[in-house]
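Novice: Before anything else, here's the structure in question.
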Amino acid sequence: GPALDADALRDLVGAVVDGDAREKFGLSWHGKAAARRLALTPSAGTLRPAPAESVEWATTRNIMIEGDNLEVLKLLQKAYAGRVKLCHIDPPYNTGGDFIYKDNYRDPLGHYQRVTGQVGEDGEKLTSSVETSGRFHTDWLNMIYPRLLLARELLSDDGLLLVHTDEHEDHHLELILHEIFGQENDLGTIVWDKKNPKGDATGIAYQHEYVQVVARNAETLKARRPLERRKRNAEQMLKKADELFARYGKGRLAEAQEAFAEWLGQQAFSGGEKAYSKLDENGEPFQAVSMAWPNKKVAPPDYQVPLVHPKTKKACPVPDRGWRNPSATMKSLLDAGQIIFGVDETTQPRRKYLLRENMNENIASVVRYGAADDRMFAEWGIVFDNPKPVRLTTDFVAWFSRPGDIVLDFFAGSGSTGHAVMEQNAADGGDRRYVLVQLPEPTGSKDYPTIADLTKERLRRAAANVKEANPMWHGDTGFRVFKLDTANVKAWEAPTTDALEPGESERLIRENVEAVKADRADADLLWGAMLNLGLPLDGKVEERTVDGKTVYVAGGGTLLACFAETITRAGGETLAKAMAQIVKELGVEGEVTVLFRDAAFGGSDAIKVNLVENLRQQMPAKAPVRVRSI
């Protein structure tokens, strides 16, 4: 039966519990504590490289990871903690369906559905779209909560998280974000007007979704970079103004002004830049804005000083409650030519704002983007339900990131975020890089068996489109593929009984001399070690040959690895000398990790000890060595 809630019982009988210290505003649900523990449980997996499925593996800095994002987020903690500037996710909305995101990547989907109560032991469906028990919300909350906890740790101090949701969980999501990030870091909610109301609605027909925006640290973010966006059509307006001014010249300014106003009236511009409808004597678009005191109370006397008309030399009218600025500021604006007068002193002067000096604006709470990218997908022969318009994601990347930033999306879907990063890099010449994570959920399609396969294909097609549309841009359009898998090292299987059969002890020892799993290549071991050491997945790896053996150099020389299956005493001495020389050549300062297979020493501690001593003696003083074996 249901467990007794002792605290609730105390409340009913009027007992005082710790001065009601346990009471606080927030959101509670069944499984929340377990979900929190799940986020803190280390992953037992690793990420295996897949160069054959990648594009431009050697040079790209973009990453595409196949696997359950909960496990992947755990594995990224060392290498990416505090490095992600923008995390943009569109998690599955809570429509009452079964979530495919399981909390243990080693279990099949069926097990996940059983432990979340969605199906019974015999596979019968236990839940439906009509929710009466709370499970409707609980499953979704238990899915999203640990992932948001882990995502926060990856964000930089001035990093941002954008989360898409709809009306079903928006209010719950807001409470969770306040708990994890702090209410003071809530930057607001963007309402995405999709211009198309839901056709199956029985109540209000929603035609919008929400994008909640939170900062890791709002104060740090605002101190380092303003939260603003480029006026969408400003560049186009400046280009047209320059063209008309060149055609008509200063002598025919009125004609240039008339042509500009006519052109502007024909454009479907919806942003605030359309207010910059006039051209000044230099052909610059500007708008004239009132300089009146903005408050209802009358301004101090220093804000009441009249401005003198430059031609009539008479005082112009002062706004009823005074000017917006004191007299000293008004004089500075006047000297800078930023005040516009009428034909005589009867007109109240206004402030001149040049479009070229006001190219940015605040990010509005409502954005309008209709039409999903169905046509684009149809041209590519890709079937994907409800793809977001890439223009929406590209704008988010433009508004909330800068060149050089890392953009993370761990619900990658069709790969919209990766596509958007390439689009925006091509637009501003930036070098942002993306990290995408997508569960290889079966699609039932022969062409793209999993959604992760579809994601990769979309990235390839998008890269080709961006290159074609921007022939002068030569930025990064590749991606490295990694796949979540069980650990590279075999787990020790202890005997189930003390009374072993004859020869059983020898068999167990023989099978466990080599700890590395038989299907793991050198590259698997190397990238697994890099991840454990906190080296990013876009890092460079160099291969050198020493005495017929391959030595891998990663992390700028902070990791050296040799996975040769046999190392003799003489071979170990040669390796030690060569590795020390590599470290000196690269000028490494700081700890150097050297990695070998434990089985390579054939069970001889003497060979291993000799190699370790040689490394310690020959390494530079500024590069102390740590030897590890697997």
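FYI, nothing fancy with the structure tokens labels: chains A, B, ... in order, residues from 1 per chain, ligands from 1 as they appear.
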If we count only C-alpha atoms and set the cut-off at 8 Å, which residues sit around Asp409 in chain A, ignoring sequence neighbours fewer than 4 positions away in its own chain? Please answer as a list in words.
Specialist: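 Here the answer would be Cys87, His88, Ile89, Thr417, Tyr434, Val435, Leu436 and Val437 of chain A.
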Novice: Name the residues in contact with range 163-168 of chain A at a cut-off of 6 Å, using only C-alpha atoms, excluding same-chain residues fewer than 4 positions from it; report them as a PyMOL selection string.
Specialist: chain A and resi 89-90+209-212
Novice: Those residues you just picked out, can you put them in a file as a PDB file, in the first residue's frame with C-alpha atoms?
Specialist:
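Saved the output as part-v7.pdb:
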ATOM      1  CA  ILE A  89      17.380  21.940 -25.888  1.00  0.00           C
ATOM      2  CA  ASP A  90      13.971  20.931 -27.158  1.00  0.00           C
ATOM      3  CA  GLU A 209       5.108  27.321 -27.392  1.00  0.00           C
ATOM      4  CA  TYR A 210       7.515  28.543 -24.752  1.00  0.00           C
ATOM      5  CA  VAL A 211      11.281  28.890 -24.552  1.00  0.00           C
ATOM      6  CA  GLN A 212      12.460  29.451 -20.991  1.00  0.00           C
TER       7      GLN A 212
END
Novice: Just the alpha helix (DSSP H) stuff from range 111-318 of chain A, please, per backbone DSSP, written as an NGL selection string.
Specialist: :A and (111-115 or 135-154 or 170-181 or 218-224 or 234-248 or 253-266)
Novice: Tell me which of A:Arg152, A:Arg460, A:Arg356, A:Lys622 sits closest to Glu56 in chain A, counting only C-alpha atoms.
Specialist: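 Among the listed residues, A:Arg460 lies closest to Glu56 in chain A.
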Novice: Would you list the contacts of range 543-555 of chain A as a ChimeraX atom specification, taking every protein, DNA or RNA residue within 9 Å and counting only C-alpha atoms, but skipping same-chain residues closer than 3 positions in sequence?
Specialist: /A:526,530,535-536,539-540,558-564,571,574-575,578-579,582
Novice: Using only C-alpha atoms, which protein or nucleic acid residues come within 9 Å of range 585-593 of chain A? Drop anything in the same chain fewer than 2 positions from it, and give the result as JSON, numbers by chain.
Specialist: {"A": [533, 556, 557, 558, 559, 560, 561, 580, 581, 582, 583, 595, 620, 621, 622, 623, 624, 625, 626, 627, 628]}
Novice: Any idea what the distance is between CA of Arg461 in chain A and CA of Gly429 in chain A?
Specialist: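 If I compute the distance from CA of Arg461 in chain A to CA of Gly429 in chain A, I get 20.2 Å.
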Novice: Considering only C-alpha atoms, can you say which of A:Val213, A:Leu40, A:Ile630, A:Val466 comes closest to Gly528 in chain A?
Specialist: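 Closest candidate: A:Ile630.
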Novice: Report the distance between CA of Arg247 in chain A and CA of Ser277 in chain A in Å, rounded to one decimal place.
Specialist: 18.0 Å
Novice: I'd like to know which residues of range 27-102 of chain A are strand (DSSP E or B) (by DSSP, run on the backbone); could you write them as a list in words?
Specialist: Gly45, Thr46, Leu47, Arg48, Pro49, Val55, Ile63, Met64, Ile65, Glu66, Val84, Lys85, Leu86, Cys87, His88 and Ile89 of chain A
Novice: Can I get the selection written as a CSV table (one decimal), in the first residue's frame, with N, CA, C and O atoms?
Specialist:
chain,number,residue,atom,x,y,z
A,45,GLY,N,29.9,3.9,-18.3
A,45,GLY,CA,30.2,3.8,-19.7
A,45,GLY,C,31.4,4.5,-20.3
A,45,GLY,O,32.1,5.1,-19.5
A,46,THR,N,31.5,4.6,-21.6
A,46,THR,CA,32.5,5.4,-22.2
A,46,THR,C,32.0,5.8,-23.6
A,46,THR,O,31.0,5.3,-24.0
A,47,LEU,N,32.8,6.7,-24.2
A,47,LEU,CA,32.4,7.1,-25.6
A,47,LEU,C,33.5,6.5,-26.5
A,47,LEU,O,34.7,6.8,-26.4
A,48,ARG,N,33.0,5.8,-27.6
A,48,ARG,CA,33.9,5.2,-28.5
A,48,ARG,C,33.9,6.0,-29.8
A,48,ARG,O,32.8,6.3,-30.3
A,49,PRO,N,35.0,6.3,-30.4
A,49,PRO,CA,35.1,7.1,-31.6
A,49,PRO,C,34.6,6.3,-32.8
A,49,PRO,O,34.8,5.1,-32.9
A,55,VAL,N,32.6,13.3,-40.5
A,55,VAL,CA,33.0,14.1,-41.6
A,55,VAL,C,34.2,15.0,-41.2
A,55,VAL,O,34.1,15.7,-40.2
A,63,ILE,N,31.0,18.0,-32.6
A,63,ILE,CA,30.9,16.7,-32.0
A,63,ILE,C,29.4,16.2,-32.1
A,63,ILE,O,28.5,16.9,-31.8
A,64,MET,N,29.2,15.0,-32.5
A,64,MET,CA,27.9,14.3,-32.6
A,64,MET,C,28.0,13.0,-31.8
A,64,MET,O,28.8,12.1,-32.2
A,65,ILE,N,27.2,12.9,-30.7
A,65,ILE,CA,27.3,11.7,-29.8
A,65,ILE,C,26.0,10.9,-29.9
A,65,ILE,O,24.9,11.5,-29.7
A,66,GLU,N,26.1,9.6,-30.1
A,66,GLU,CA,25.0,8.7,-30.1
A,66,GLU,C,24.9,8.1,-28.7
A,66,GLU,O,25.9,7.5,-28.3
A,84,VAL,N,30.6,25.4,-21.6
A,84,VAL,CA,29.5,25.6,-22.6
A,84,VAL,C,28.9,27.0,-22.4
A,84,VAL,O,28.4,27.3,-21.3
A,85,LYS,N,28.8,27.7,-23.5
A,85,LYS,CA,28.2,29.1,-23.4
A,85,LYS,C,26.7,29.0,-23.6
A,85,LYS,O,25.9,29.8,-23.1
A,86,LEU,N,26.2,28.2,-24.5
A,86,LEU,CA,24.8,28.1,-24.8
A,86,LEU,C,24.4,26.6,-24.8
A,86,LEU,O,24.9,25.8,-25.6
A,87,CYS,N,23.4,26.3,-24.0
A,87,CYS,CA,22.8,25.0,-24.0
A,87,CYS,C,21.4,25.2,-24.5
A,87,CYS,O,20.6,25.8,-23.8
A,88,HIS,N,21.0,24.7,-25.7
A,88,HIS,CA,19.7,24.9,-26.3
A,88,HIS,C,19.1,23.5,-26.5
A,88,HIS,O,19.6,22.7,-27.3
A,89,ILE,N,18.0,23.3,-25.8
A,89,ILE,CA,17.4,21.9,-25.9
A,89,ILE,C,15.9,22.0,-26.2
A,89,ILE,O,15.2,23.0,-25.7
Novice: Would you work out the distance separating CA of Pro51 in chain A from CA of Ala151 in chain A, expressed in Å to one decimal?
Specialist: 26.4 Å
Novice: Nearest to Asp68 in chain A: which of A:Leu531, A:Lys314, A:Pro440, A:Asp598 is it, counting only C-alpha atoms?
Specialist: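 Using only C-alpha atoms, the shortest distance to Asp68 in chain A belongs to A:Pro440.
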Novice: Within 10 Å of range 364-381 of chain A, counting only C-alpha atoms, which residues qualify if same-chain residues fewer than 3 places away don't, as an NGL selection string?
Specialist: :A and (188-196 or 207-208 or 210-211 or 228-229 or 361 or 384-392 or 414 or 416 or 447 or 457-458 or 461-462)
Novice: Given only C-alpha atoms as the basis, pick out the residue of A:Gly283, A:Leu27, A:Val305, A:Ala599 nearest to Glu174 in chain A.
Specialist: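 Among A:Gly283, A:Leu27, A:Val305, A:Ala599, it is A:Leu27 that comes nearest to Glu174 in chain A.
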